[in-house]
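Shown next: upload-v7.pdb, given as PDB, C-alpha atoms.
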```pdb
ATOM      1  CA  MET I1190      14.250   8.059  -7.518
ATOM      2  CA  ALA I1191      11.536   8.556 -10.076
ATOM      3  CA  ALA I1192      10.856  11.804 -11.725
ATOM      4  CA  GLY I1193       8.177  11.929 -14.359
ATOM      5  CA  HIS I1194       6.010  14.450 -16.133
ATOM      6  CA  ASP I1195       2.597  12.936 -16.032
ATOM      7  CA  HIS I1196       0.424  13.793 -19.006
ATOM      8  CA  ASP I1197      -1.306  11.653 -21.575
ATOM      9  CA  ASP I1198       2.036  10.190 -22.570
ATOM     10  CA  THR I1199       3.448   6.712 -23.087
ATOM     11  CA  ARG I1200       5.495   5.533 -20.132
ATOM     12  CA  GLU I1201       8.192   2.904 -19.975
ATOM     13  CA  ALA I1202       8.395   0.924 -16.774
ATOM     14  CA  GLY I1203      11.933   0.534 -15.420
ATOM     15  CA  ASP I1204      13.418  -1.749 -12.823
ATOM     16  CA  ASP I1205      12.821  -0.898  -9.179
ATOM     17  CA  THR I1206      16.159  -0.198  -7.583
ATOM     18  CA  ARG I1207      17.143   0.795  -4.082
ATOM     19  CA  THR I1208      19.786   3.510  -3.889
ATOM     20  CA  ALA I1209      22.099   3.002  -0.971
ATOM     21  CA  GLY I1210      21.863   5.657   1.718
ATOM     22  CA  ALA I1211      19.057   7.563   0.014
ATOM     23  CA  SER I1212      16.371   4.839  -0.082
ATOM     24  CA  HIS I1213      15.021   6.204  -3.364
ATOM     25  CA  VAL I1214      13.083   4.040  -5.766
ATOM     26  CA  HIS I1215      13.629   4.335  -9.515
ATOM     27  CA  ALA I1216      10.060   3.896 -10.652
ATOM     28  CA  HIS I1217      10.352   4.568 -14.360
ATOM     29  CA  ALA I1218      11.961   6.541 -17.096
ATOM     30  CA  HIS I1219      10.224   7.935 -20.116
ATOM     31  CA  ALA I1220      11.070   9.562 -23.401
ATOM     32  CA  HIS I1221       8.660  12.436 -23.636
ATOM     33  CA  ALA I1222       9.224  15.876 -25.064
ATOM     34  CA  HIS I1223       6.641  18.084 -23.430
ATOM     35  CA  SER I1224       6.191  21.464 -25.033
ATOM     36  CA  HIS I1225       5.040  24.478 -23.056
ATOM     37  CA  VAL I1226       4.014  26.216 -26.256
ATOM     38  CA  PRO I1227       0.206  26.466 -26.451
ATOM     39  CA  ALA I1228      -1.210  23.982 -28.924
ATOM     40  CA  VAL I1229      -3.563  26.656 -30.224
ATOM     41  CA  ILE I1230      -2.937  30.394 -30.148
ATOM     42  CA  LYS I1231      -6.353  31.810 -29.449
ATOM     43  CA  HIS I1232      -7.715  35.339 -29.559
ATOM     44  CA  GLU I1233      -5.035  36.697 -31.919
ATOM     45  CA  ARG I1234      -7.451  37.792 -34.659
ATOM     46  CA  PRO I1235      -9.667  39.807 -32.264
ATOM     47  CA  LEU I1236      -6.515  41.457 -30.923
ATOM     48  CA  TRP I1237      -5.495  42.527 -34.421
ATOM     49  CA  ILE I1238      -8.955  43.950 -35.202
ATOM     50  CA  ALA I1239      -9.106  45.797 -31.870
ATOM     51  CA  PHE I1240      -5.583  47.126 -32.472
ATOM     52  CA  GLY I1241      -6.531  48.553 -35.874
ATOM     53  CA  LEU I1242      -9.750  50.133 -34.580
ATOM     54  CA  THR I1243      -8.044  51.676 -31.587
ATOM     55  CA  LEU I1244      -5.196  53.090 -33.653
ATOM     56  CA  VAL I1245      -7.638  54.871 -35.967
ATOM     57  CA  VAL I1246      -9.713  56.266 -33.105
ATOM     58  CA  LEU I1247      -6.548  57.408 -31.312
ATOM     59  CA  GLY I1248      -5.774  59.676 -34.256
ATOM     60  CA  VAL I1249      -9.339  61.012 -34.293
ATOM     61  CA  GLU I1250      -9.421  61.697 -30.546
ATOM     62  CA  LEU I1251      -5.982  63.291 -30.448
ATOM     63  CA  ALA I1252      -6.923  65.672 -33.239
ATOM     64  CA  GLY I1253     -10.274  66.291 -31.567
ATOM     65  CA  ALA I1254      -8.671  67.051 -28.207
ATOM     66  CA  LEU I1255      -6.330  69.603 -29.755
ATOM     67  CA  LEU I1256      -9.081  71.267 -31.805
ATOM     68  CA  SER I1257     -11.646  71.351 -28.982
ATOM     69  CA  ASN I1258      -9.092  72.177 -26.226
ATOM     70  CA  SER I1259     -10.603  69.456 -24.024
ATOM     71  CA  LEU I1260      -8.454  67.895 -21.287
ATOM     72  CA  ALA I1261     -11.095  65.216 -20.714
ATOM     73  CA  LEU I1262     -10.889  64.268 -24.384
ATOM     74  CA  LEU I1263      -7.097  64.387 -24.203
ATOM     75  CA  SER I1264      -7.335  62.055 -21.189
ATOM     76  CA  ASP I1265      -9.453  59.699 -23.244
ATOM     77  CA  ALA I1266      -6.960  59.951 -26.122
ATOM     78  CA  ALA I1267      -4.147  59.157 -23.687
ATOM     79  CA  HIS I1268      -6.040  56.072 -22.591
ATOM     80  CA  MET I1269      -6.448  55.212 -26.263
ATOM     81  CA  LEU I1270      -2.688  55.539 -26.657
ATOM     82  CA  THR I1271      -2.151  53.052 -23.834
ATOM     83  CA  ASP I1272      -4.765  50.831 -25.493
ATOM     84  CA  VAL I1273      -2.707  50.847 -28.685
ATOM     85  CA  ALA I1274       0.451  50.084 -26.704
ATOM     86  CA  ALA I1275      -1.338  47.408 -24.677
ATOM     87  CA  LEU I1276      -2.743  45.680 -27.730
ATOM     88  CA  GLY I1277       0.632  45.934 -29.451
ATOM     89  CA  VAL I1278       2.367  44.368 -26.434
ATOM     90  CA  SER I1279      -0.338  41.696 -26.281
ATOM     91  CA  LEU I1280       0.165  40.807 -29.932
ATOM     92  CA  PHE I1281       3.930  40.754 -29.441
ATOM     93  CA  ALA I1282       3.506  38.468 -26.435
ATOM     94  CA  VAL I1283       1.158  36.168 -28.358
ATOM     95  CA  ARG I1284       3.676  35.909 -31.183
ATOM     96  CA  LEU I1285       6.547  35.161 -28.827
ATOM     97  CA  SER I1286       4.555  32.680 -26.750
ATOM     98  CA  ARG I1287       4.198  30.381 -29.750
ATOM     99  CA  ARG I1288       7.950  30.029 -30.097
ATOM    100  CA  PRO I1289       9.170  26.635 -28.885
ATOM    101  CA  ALA I1290      11.513  26.053 -25.977
ATOM    102  CA  ASP I1291      15.199  26.068 -26.775
ATOM    103  CA  ALA I1292      18.515  25.410 -25.057
ATOM    104  CA  ARG I1293      18.461  28.819 -23.335
ATOM    105  CA  ARG I1294      14.747  28.965 -22.450
ATOM    106  CA  SER I1295      13.584  25.492 -21.515
ATOM    107  CA  TYR I1296      10.045  26.721 -20.763
ATOM    108  CA  GLY I1297       9.799  28.712 -23.972
ATOM    109  CA  TYR I1298       8.257  32.175 -23.924
ATOM    110  CA  ALA I1299       5.017  31.529 -22.042
ATOM    111  CA  ARG I1300       5.933  34.126 -19.389
ATOM    112  CA  MET I1301       5.664  36.888 -22.010
ATOM    113  CA  GLU I1302       1.954  36.953 -21.172
ATOM    114  CA  ALA I1303       2.668  38.166 -17.638
ATOM    115  CA  ILE I1304       5.406  40.535 -18.819
ATOM    116  CA  GLY I1305       2.973  42.072 -21.319
ATOM    117  CA  ALA I1306       0.390  42.582 -18.572
ATOM    118  CA  LEU I1307       3.070  44.193 -16.388
ATOM    119  CA  VAL I1308       3.998  46.660 -19.136
ATOM    120  CA  ASN I1309       0.337  47.497 -19.731
ATOM    121  CA  GLY I1310      -0.244  48.238 -16.059
ATOM    122  CA  GLY I1311       2.839  50.431 -15.876
ATOM    123  CA  LEU I1312       1.686  52.456 -18.884
ATOM    124  CA  LEU I1313      -1.682  53.078 -17.304
ATOM    125  CA  PHE I1314      -0.083  54.364 -14.110
ATOM    126  CA  LEU I1315       2.103  56.789 -16.062
ATOM    127  CA  VAL I1316      -0.808  58.131 -18.096
ATOM    128  CA  ALA I1317      -3.028  58.550 -15.025
ATOM    129  CA  GLY I1318      -0.251  60.537 -13.331
ATOM    130  CA  TYR I1319       0.118  62.854 -16.301
ATOM    131  CA  ILE I1320      -3.611  63.508 -16.546
ATOM    132  CA  LEU I1321      -3.869  64.296 -12.831
ATOM    133  CA  TRP I1322      -0.974  66.752 -13.088
ATOM    134  CA  GLU I1323      -2.474  68.464 -16.142
ATOM    135  CA  ALA I1324      -5.863  68.700 -14.437
ATOM    136  CA  VAL I1325      -4.310  70.640 -11.548
ATOM    137  CA  GLN I1326      -2.991  73.171 -14.055
ATOM    138  CA  ARG I1327      -6.458  73.499 -15.611
ATOM    139  CA  PHE I1328      -8.047  74.147 -12.220
ATOM    140  CA  ARG I1329      -5.644  77.024 -11.738
ATOM    141  CA  SER I1330      -6.229  78.428 -15.228
ATOM    142  CA  PRO I1331      -9.568  77.261 -16.703
ATOM    143  CA  GLU I1332      -9.746  77.198 -20.493
ATOM    144  CA  ALA I1333     -12.687  77.309 -22.900
ATOM    145  CA  VAL I1334     -13.759  74.018 -24.456
ATOM    146  CA  ALA I1335     -15.504  73.345 -27.807
ATOM    147  CA  SER I1336     -18.147  71.072 -26.321
ATOM    148  CA  THR I1337     -19.997  70.074 -29.514
ATOM    149  CA  PHE I1338     -16.882  68.886 -31.306
ATOM    150  CA  MET I1339     -15.775  67.191 -28.090
ATOM    151  CA  LEU I1340     -19.099  65.318 -27.946
ATOM    152  CA  VAL I1341     -18.894  64.039 -31.532
ATOM    153  CA  VAL I1342     -15.354  62.727 -31.142
ATOM    154  CA  ALA I1343     -16.182  61.067 -27.800
ATOM    155  CA  CYS I1344     -19.105  59.241 -29.427
ATOM    156  CA  VAL I1345     -16.795  57.884 -32.129
ATOM    157  CA  GLY I1346     -14.435  56.653 -29.418
ATOM    158  CA  LEU I1347     -17.275  55.031 -27.494
ATOM    159  CA  VAL I1348     -18.412  53.006 -30.514
ATOM    160  CA  ALA I1349     -14.864  51.809 -31.194
ATOM    161  CA  ASN I1350     -14.404  50.821 -27.559
ATOM    162  CA  LEU I1351     -17.631  48.848 -27.477
ATOM    163  CA  VAL I1352     -16.621  46.917 -30.599
ATOM    164  CA  SER I1353     -13.165  46.195 -29.172
ATOM    165  CA  MET I1354     -14.649  45.056 -25.851
ATOM    166  CA  LYS I1355     -16.921  42.629 -27.662
ATOM    167  CA  LEU I1356     -13.953  41.204 -29.557
ATOM    168  CA  LEU I1357     -11.777  40.770 -26.463
ATOM    169  CA  ALA I1358     -14.433  39.626 -23.972
ATOM    170  CA  ALA I1359     -14.023  35.887 -24.627
ATOM    171  CA  GLY I1360     -10.271  35.904 -24.120
ATOM    172  CA  SER I1361     -10.277  38.120 -21.027
ATOM    173  CA  GLY I1362     -11.230  35.198 -18.803
ATOM    174  CA  GLU I1363      -8.573  32.882 -20.221
ATOM    175  CA  SER I1364      -5.428  34.969 -20.522
ATOM    176  CA  LEU I1365      -3.743  37.605 -18.356
ATOM    177  CA  ASN I1366      -2.420  39.162 -21.509
ATOM    178  CA  VAL I1367      -5.830  39.548 -23.150
ATOM    179  CA  LYS I1368      -7.310  40.532 -19.787
ATOM    180  CA  GLY I1369      -4.851  43.426 -19.637
ATOM    181  CA  ALA I1370      -5.860  44.611 -23.098
ATOM    182  CA  TYR I1371      -9.560  44.164 -22.260
ATOM    183  CA  LEU I1372      -9.132  46.156 -19.056
ATOM    184  CA  GLU I1373      -7.525  49.014 -20.975
ATOM    185  CA  VAL I1374     -10.347  49.112 -23.529
ATOM    186  CA  TRP I1375     -12.983  48.788 -20.804
ATOM    187  CA  SER I1376     -11.558  51.694 -18.847
ATOM    188  CA  ASP I1377     -11.402  53.758 -22.003
ATOM    189  CA  MET I1378     -15.044  52.962 -22.750
ATOM    190  CA  LEU I1379     -15.923  54.433 -19.359
ATOM    191  CA  GLY I1380     -13.717  57.372 -20.244
ATOM    192  CA  SER I1381     -15.667  57.974 -23.447
ATOM    193  CA  LEU I1382     -18.916  57.944 -21.467
ATOM    194  CA  GLY I1383     -17.424  60.455 -19.032
ATOM    195  CA  VAL I1384     -16.318  62.718 -21.859
ATOM    196  CA  ILE I1385     -19.785  62.564 -23.445
ATOM    197  CA  ALA I1386     -21.388  63.537 -20.138
ATOM    198  CA  ALA I1387     -18.862  66.334 -19.641
ATOM    199  CA  ALA I1388     -19.428  67.678 -23.151
ATOM    200  CA  ALA I1389     -23.189  67.761 -22.618
ATOM    201  CA  LEU I1390     -22.874  69.554 -19.272
ATOM    202  CA  ILE I1391     -20.404  72.108 -20.619
ATOM    203  CA  HIS I1392     -22.640  72.746 -23.621
ATOM    204  CA  PHE I1393     -25.712  73.452 -21.511
ATOM    205  CA  THR I1394     -24.086  75.158 -18.499
ATOM    206  CA  GLY I1395     -20.879  76.698 -19.812
ATOM    207  CA  TRP I1396     -18.970  75.338 -16.791
ATOM    208  CA  SER I1397     -15.537  74.655 -18.274
ATOM    209  CA  TRP I1398     -14.213  73.371 -14.929
ATOM    210  CA  ILE I1399     -16.197  70.176 -15.534
ATOM    211  CA  ASP I1400     -13.590  69.177 -18.125
ATOM    212  CA  PRO I1401     -10.623  68.745 -15.707
ATOM    213  CA  VAL I1402     -12.924  67.244 -13.057
ATOM    214  CA  VAL I1403     -13.938  64.460 -15.451
ATOM    215  CA  ALA I1404     -10.289  63.998 -16.429
ATOM    216  CA  VAL I1405      -9.350  63.484 -12.746
ATOM    217  CA  LEU I1406     -12.231  61.063 -12.182
ATOM    218  CA  LEU I1407     -11.147  59.033 -15.196
ATOM    219  CA  GLY I1408      -7.606  58.832 -13.873
ATOM    220  CA  LEU I1409      -8.716  57.763 -10.399
ATOM    221  CA  TRP I1410     -11.209  55.253 -11.772
ATOM    222  CA  VAL I1411      -8.653  53.142 -13.591
ATOM    223  CA  LEU I1412      -5.905  53.077 -10.932
ATOM    224  CA  PRO I1413      -7.376  50.394  -8.593
ATOM    225  CA  ARG I1414      -8.041  48.061 -11.519
ATOM    226  CA  THR I1415      -4.561  48.650 -12.833
ATOM    227  CA  TRP I1416      -3.139  47.760  -9.429
ATOM    228  CA  ILE I1417      -5.016  44.440  -9.483
ATOM    229  CA  LEU I1418      -3.613  43.634 -12.922
ATOM    230  CA  LEU I1419      -0.069  44.492 -11.789
ATOM    231  CA  ARG I1420      -0.410  42.293  -8.695
ATOM    232  CA  GLN I1421      -1.573  39.345 -10.808
ATOM    233  CA  ALA I1422       1.291  39.761 -13.273
ATOM    234  CA  VAL I1423       3.907  40.040 -10.500
ATOM    235  CA  HIS I1424       2.384  37.008  -8.745
ATOM    236  CA  VAL I1425       2.906  34.923 -11.883
ATOM    237  CA  LEU I1426       6.457  36.193 -12.375
ATOM    238  CA  MET I1427       7.255  35.414  -8.730
ATOM    239  CA  GLN I1428       6.039  31.831  -9.280
ATOM    240  CA  GLY I1429       3.132  32.265  -6.905
ATOM    241  CA  VAL I1430       0.479  29.590  -6.422
ATOM    242  CA  PRO I1431      -2.166  29.954  -9.181
ATOM    243  CA  ALA I1432      -5.418  31.589  -8.129
ATOM    244  CA  GLY I1433      -7.978  29.110  -6.824
ATOM    245  CA  LEU I1434      -5.449  26.455  -5.801
ATOM    246  CA  ASP I1435      -4.917  25.551  -2.137
ATOM    247  CA  VAL I1436      -1.495  23.957  -1.642
ATOM    248  CA  GLU I1437      -2.541  22.177   1.549
ATOM    249  CA  ALA I1438      -5.624  20.759  -0.175
ATOM    250  CA  VAL I1439      -3.376  19.492  -2.976
ATOM    251  CA  ARG I1440      -1.018  17.931  -0.422
ATOM    252  CA  ALA I1441      -3.935  16.242   1.384
ATOM    253  CA  ALA I1442      -5.306  14.796  -1.870
ATOM    254  CA  MET I1443      -1.878  13.390  -2.726
ATOM    255  CA  ARG I1444      -1.527  11.896   0.762
ATOM    256  CA  ALA I1445      -4.905  10.205   0.381
ATOM    257  CA  VAL I1446      -3.653   8.081  -2.538
ATOM    258  CA  PRO I1447      -3.070   4.463  -1.352
ATOM    259  CA  GLY I1448       0.617   3.757  -0.896
ATOM    260  CA  VAL I1449       1.611   7.378  -0.235
ATOM    261  CA  GLY I1450       3.163   7.899   3.183
ATOM    262  CA  ALA I1451       4.223  11.543   2.924
ATOM    263  CA  VAL I1452       4.600  14.441   0.540
ATOM    264  CA  HIS I1453       7.329  17.056   0.782
ATOM    265  CA  ASP I1454       9.069  19.709  -1.350
ATOM    266  CA  LEU I1455       5.684  20.482  -2.884
ATOM    267  CA  HIS I1456       5.697  23.463  -5.256
ATOM    268  CA  VAL I1457       2.894  24.735  -7.488
ATOM    269  CA  TRP I1458       3.186  27.636  -9.918
ATOM    270  CA  ALA I1459       2.201  28.636 -13.451
ATOM    271  CA  LEU I1460       4.033  29.931 -16.505
ATOM    272  CA  GLY I1461       1.181  32.276 -17.374
ATOM    273  CA  SER I1462      -2.423  32.677 -16.344
ATOM    274  CA  ARG I1463      -3.060  29.039 -17.265
ATOM    275  CA  GLU I1464      -1.338  25.642 -17.074
ATOM    276  CA  PRO I1465      -0.436  25.087 -13.416
ATOM    277  CA  ILE I1466       2.785  23.161 -12.877
ATOM    278  CA  LEU I1467       3.597  20.998  -9.861
ATOM    279  CA  THR I1468       6.735  19.351  -8.527
ATOM    280  CA  ALA I1469       6.858  17.201  -5.397
ATOM    281  CA  HIS I1470       8.583  14.328  -3.595
ATOM    282  CA  VAL I1471       6.202  11.459  -2.885
ATOM    283  CA  VAL I1472       7.277   9.090  -0.105
ATOM    284  CA  LEU I1473       5.955   5.530  -0.314
ATOM    285  CA  CYS I1474       4.758   3.407   2.570
ATOM    286  CA  GLU I1475       7.197   0.629   3.462
ATOM    287  CA  GLY I1476       6.755  -2.512   1.436
ATOM    288  CA  HIS I1477       4.847  -0.913  -1.419
ATOM    289  CA  GLY I1478       6.323  -2.561  -4.504
ATOM    290  CA  GLU I1479       4.769  -0.541  -7.323
ATOM    291  CA  PRO I1480       6.138   3.023  -7.170
ATOM    292  CA  ASP I1481       5.241   3.746 -10.784
ATOM    293  CA  ALA I1482       1.620   2.764 -10.174
ATOM    294  CA  VAL I1483       1.475   5.064  -7.143
ATOM    295  CA  ARG I1484       3.005   7.911  -9.109
ATOM    296  CA  ALA I1485       0.495   7.419 -11.918
ATOM    297  CA  GLN I1486      -2.396   7.442  -9.428
ATOM    298  CA  VAL I1487      -1.117  10.618  -7.759
ATOM    299  CA  ALA I1488      -0.809  12.310 -11.144
ATOM    300  CA  HIS I1489      -4.338  11.182 -12.062
ATOM    301  CA  THR I1490      -5.673  12.635  -8.803
ATOM    302  CA  LEU I1491      -3.958  15.960  -9.495
ATOM    303  CA  GLN I1492      -5.462  16.096 -12.982
ATOM    304  CA  GLU I1493      -8.968  15.130 -11.938
ATOM    305  CA  GLU I1494      -9.294  17.195  -8.749
ATOM    306  CA  PHE I1495      -7.146  20.247  -9.508
ATOM    307  CA  ALA I1496      -6.700  20.293 -13.330
ATOM    308  CA  ILE I1497      -2.933  20.035 -12.868
ATOM    309  CA  GLY I1498      -1.812  18.257 -16.017
ATOM    310  CA  HIS I1499       1.909  18.911 -15.683
ATOM    311  CA  ALA I1500       3.247  17.157 -12.585
ATOM    312  CA  THR I1501       6.859  16.156 -11.997
ATOM    313  CA  LEU I1502       6.882  13.621  -9.164
ATOM    314  CA  GLN I1503       9.924  12.124  -7.463
ATOM    315  CA  VAL I1504       9.004   8.853  -5.763
ATOM    316  CA  GLU I1505      10.964   7.797  -2.674
ATOM    317  CA  ALA I1506      10.812   4.796  -0.322
ATOM    318  CA  ARG I1507      10.880   4.950   3.461
ATOM    319  CA  HIS I1508       8.937   3.704   6.507
ATOM    320  CA  CYS I1509       5.334   4.813   6.678
ATOM    321  CA  GLY I1510       4.064   6.702   9.689
ATOM    322  CA  GLY I1511       6.673   9.451   9.964
ATOM    323  CA  GLU I1512       5.887  13.137   9.913
ATOM    324  CA  ASP I1513       5.591  14.966   6.583
ATOM    325  CA  VAL I1514       8.477  17.197   5.690
ATOM    326  CA  HIS I1515       7.058  20.582   4.738
ATOM    327  CA  ASP I1516       9.050  22.912   2.550
TER     328      ASP I1516
END
```

Write-out of the structure in structure tokens:
Amino acid sequence: MAAGHDHDDTREAGDDTRTAGASHVHAHAHAHAHSHVPAVIKHERPLWIAFGLTLVVLGVELAGALLSNSLALLSDAAHMLTDVAALGVSLFAVRLSRRPADARRSYGYARMEAIGALVNGGLLFLVAGYILWEAVQRFRSPEAVASTFMLVVACVGLVANLVSMKLLAAGSGESLNVKGAYLEVWSDMLGSLGVIAAAALIHFTGWSWIDPVVAVLLGLWVLPRTWILLRQAVHVLMQGVPAGLDVEAVRAAMRAVPGVGAVHDLHVWALGSREPILTAHVVLCEGHGEPDAVRAQVAHTLQEEFAIGHATLQVEARHCGGEDVHD
């Protein structure tokens, strides 16, 4: 039996040996300590800057909401609070993810990215529920709103959100963790726009009921996007197949490698939003004498066609032409 992590590592060829009863081939052994800790921790500095900006604006909006008596502004401040929590969780996850694997956590802390995204999504759901409940109370008992002060504070929040979005945009396509923080800031930017529009309408019309209406719309706007984020985080934690990968296409590409008779026990998952990991049993055609060469070619195919750089392949020998064993 041959099990090997195939990366750009140095391999030692071992002796081919038949194991009685199992017909496994020992293709090679290698001394290779693969680390699942990212070689470079990216996007941490933008997270810190966005965290500082958001924390300051949170204080401004909270004070503004209380002084202007605006539920819409309070809704925006609540979103700011979740932004602060989200960015804090993201930074915590980034810090933990750089810790190396140890005897208790052989994969390290890479899954903290998905856990951070899960916490962020949960916070957003809680805040949206509170705002919707408070809005119902406002519909029953409308309250006067200081629209001018509300407008000024919302503009300050909008500027801060735009800056934070710019800082986090690059990382949002590369990390679930940063994507969660970006989503929070993005939704809050829309919230600031809604508050600005509400403040202008209240100022010119005197319709105070616009305030809770905007608060409800803000709550409903963010929920579908939060659900998507939660689904992605749970998918990673449940070791689901990474987005964009077709397991059957991967199996077919492996089968197409000369010398491969069958592929079974094929599993593909990811520790976070990146770095797909694959394990599989590769069955050789009868009479193929170079199992290590076949394994290396299969690993090369996985890297080139599917960007799977971490593949653990167990090479086995048996007669060619039998049916694949699907897991």

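Of the listed residues I:Ala1422, I:Leu1491, I:Ala1358, I:Val1405, the one whose atoms come nearest to Asp1265 (chain I) is I:Val1405, with distances taken using all atoms listed in the file.
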
Centre, edges in Å (one decimal): axis-aligned box, region 1481-1495 of chain I, 3 Å padding on all six sides, as AutoDock Vina command-line options:
```
--center_x -2.0 --center_y 11.5 --center_z -10.1 --size_x 20.5 --size_y 23.5 --size_z 11.8
```

Evaluate the PyMOL selection byres ((chain I and resi 1374) around 7) and report residues as a ChimeraX atom specification: /I:1272,1350,1353-1354,1370-1373,1375-1378

Counting all atoms listed in the file, give me one row per residue of region 1402-1446 of chain I with an atom at most 9 Å from an atom of region 1382-1397 of chain I, showing the shortest contact pair and its distance in Å to one decimal, sorted by chain then residue number, as JSON lines.
```
{"residue": "I:Val1402", "atom": "CA", "partner": "I:Ala1387", "partner_atom": "CA", "distance": 8.9}
{"residue": "I:Val1403", "atom": "CA", "partner": "I:Gly1383", "partner_atom": "CA", "distance": 6.4}
{"residue": "I:Ala1404", "atom": "CA", "partner": "I:Val1384", "partner_atom": "CA", "distance": 8.2}
{"residue": "I:Leu1406", "atom": "CA", "partner": "I:Gly1383", "partner_atom": "CA", "distance": 8.6}
{"residue": "I:Leu1407", "atom": "CA", "partner": "I:Gly1383", "partner_atom": "CA", "distance": 7.5}
```

One-decimal distance in Å that lies between CA of Asn1309 (chain I) and CA of Arg1284 (chain I): 16.6 Å

Region 1301-1319 of chain I dumped to file, N, CA and C atoms, as a PDB file, in the first residue's frame:
```
ATOM      1  N   MET I1301     -10.731  27.669  11.804  1.00  0.00           N
ATOM      2  CA  MET I1301     -11.215  28.852  12.514  1.00  0.00           C
ATOM      3  C   MET I1301     -11.823  29.860  11.549  1.00  0.00           C
ATOM      4  N   GLU I1302     -11.396  29.811  10.289  1.00  0.00           N
ATOM      5  CA  GLU I1302     -11.970  30.709   9.281  1.00  0.00           C
ATOM      6  C   GLU I1302     -13.466  30.459   9.146  1.00  0.00           C
ATOM      7  N   ALA I1303     -13.843  29.188   9.009  1.00  0.00           N
ATOM      8  CA  ALA I1303     -15.256  28.841   8.855  1.00  0.00           C
ATOM      9  C   ALA I1303     -16.025  29.090  10.150  1.00  0.00           C
ATOM     10  N   ILE I1304     -15.402  28.821  11.287  1.00  0.00           N
ATOM     11  CA  ILE I1304     -16.063  29.061  12.569  1.00  0.00           C
ATOM     12  C   ILE I1304     -16.332  30.553  12.746  1.00  0.00           C
ATOM     13  N   GLY I1305     -15.353  31.383  12.361  1.00  0.00           N
ATOM     14  CA  GLY I1305     -15.541  32.835  12.441  1.00  0.00           C
ATOM     15  C   GLY I1305     -16.697  33.297  11.575  1.00  0.00           C
ATOM     16  N   ALA I1306     -16.789  32.751  10.358  1.00  0.00           N
ATOM     17  CA  ALA I1306     -17.893  33.111   9.462  1.00  0.00           C
ATOM     18  C   ALA I1306     -19.228  32.672  10.050  1.00  0.00           C
ATOM     19  N   LEU I1307     -19.242  31.514  10.720  1.00  0.00           N
ATOM     20  CA  LEU I1307     -20.469  31.014  11.335  1.00  0.00           C
ATOM     21  C   LEU I1307     -20.937  31.938  12.466  1.00  0.00           C
ATOM     22  N   VAL I1308     -19.995  32.392  13.268  1.00  0.00           N
ATOM     23  CA  VAL I1308     -20.332  33.324  14.358  1.00  0.00           C
ATOM     24  C   VAL I1308     -20.865  34.642  13.796  1.00  0.00           C
ATOM     25  N   ASN I1309     -20.216  35.132  12.741  1.00  0.00           N
ATOM     26  CA  ASN I1309     -20.658  36.389  12.130  1.00  0.00           C
ATOM     27  C   ASN I1309     -22.095  36.291  11.626  1.00  0.00           C
ATOM     28  N   GLY I1310     -22.393  35.196  10.934  1.00  0.00           N
ATOM     29  CA  GLY I1310     -23.742  35.001  10.419  1.00  0.00           C
ATOM     30  C   GLY I1310     -24.771  34.914  11.529  1.00  0.00           C
ATOM     31  N   GLY I1311     -24.439  34.217  12.603  1.00  0.00           N
ATOM     32  CA  GLY I1311     -25.350  34.120  13.734  1.00  0.00           C
ATOM     33  C   GLY I1311     -25.628  35.472  14.369  1.00  0.00           C
ATOM     34  N   LEU I1312     -24.609  36.307  14.481  1.00  0.00           N
ATOM     35  CA  LEU I1312     -24.787  37.648  15.045  1.00  0.00           C
ATOM     36  C   LEU I1312     -25.746  38.481  14.200  1.00  0.00           C
ATOM     37  N   LEU I1313     -25.573  38.382  12.891  1.00  0.00           N
ATOM     38  CA  LEU I1313     -26.444  39.151  12.008  1.00  0.00           C
ATOM     39  C   LEU I1313     -27.910  38.734  12.149  1.00  0.00           C
ATOM     40  N   PHE I1314     -28.148  37.451  12.273  1.00  0.00           N
ATOM     41  CA  PHE I1314     -29.518  36.968  12.454  1.00  0.00           C
ATOM     42  C   PHE I1314     -30.126  37.509  13.750  1.00  0.00           C
ATOM     43  N   LEU I1315     -29.362  37.509  14.811  1.00  0.00           N
ATOM     44  CA  LEU I1315     -29.854  38.010  16.096  1.00  0.00           C
ATOM     45  C   LEU I1315     -30.190  39.496  16.017  1.00  0.00           C
ATOM     46  N   VAL I1316     -29.306  40.261  15.408  1.00  0.00           N
ATOM     47  CA  VAL I1316     -29.529  41.709  15.305  1.00  0.00           C
ATOM     48  C   VAL I1316     -30.749  42.012  14.436  1.00  0.00           C
ATOM     49  N   ALA I1317     -30.878  41.306  13.314  1.00  0.00           N
ATOM     50  CA  ALA I1317     -32.024  41.523  12.428  1.00  0.00           C
ATOM     51  C   ALA I1317     -33.326  41.219  13.169  1.00  0.00           C
ATOM     52  N   GLY I1318     -33.338  40.175  13.986  1.00  0.00           N
ATOM     53  CA  GLY I1318     -34.532  39.846  14.757  1.00  0.00           C
ATOM     54  C   GLY I1318     -34.902  40.928  15.748  1.00  0.00           C
ATOM     55  N   TYR I1319     -33.892  41.479  16.412  1.00  0.00           N
ATOM     56  CA  TYR I1319     -34.154  42.556  17.373  1.00  0.00           C
ATOM     57  C   TYR I1319     -34.718  43.794  16.685  1.00  0.00           C
TER      58      TYR I1319
END
```
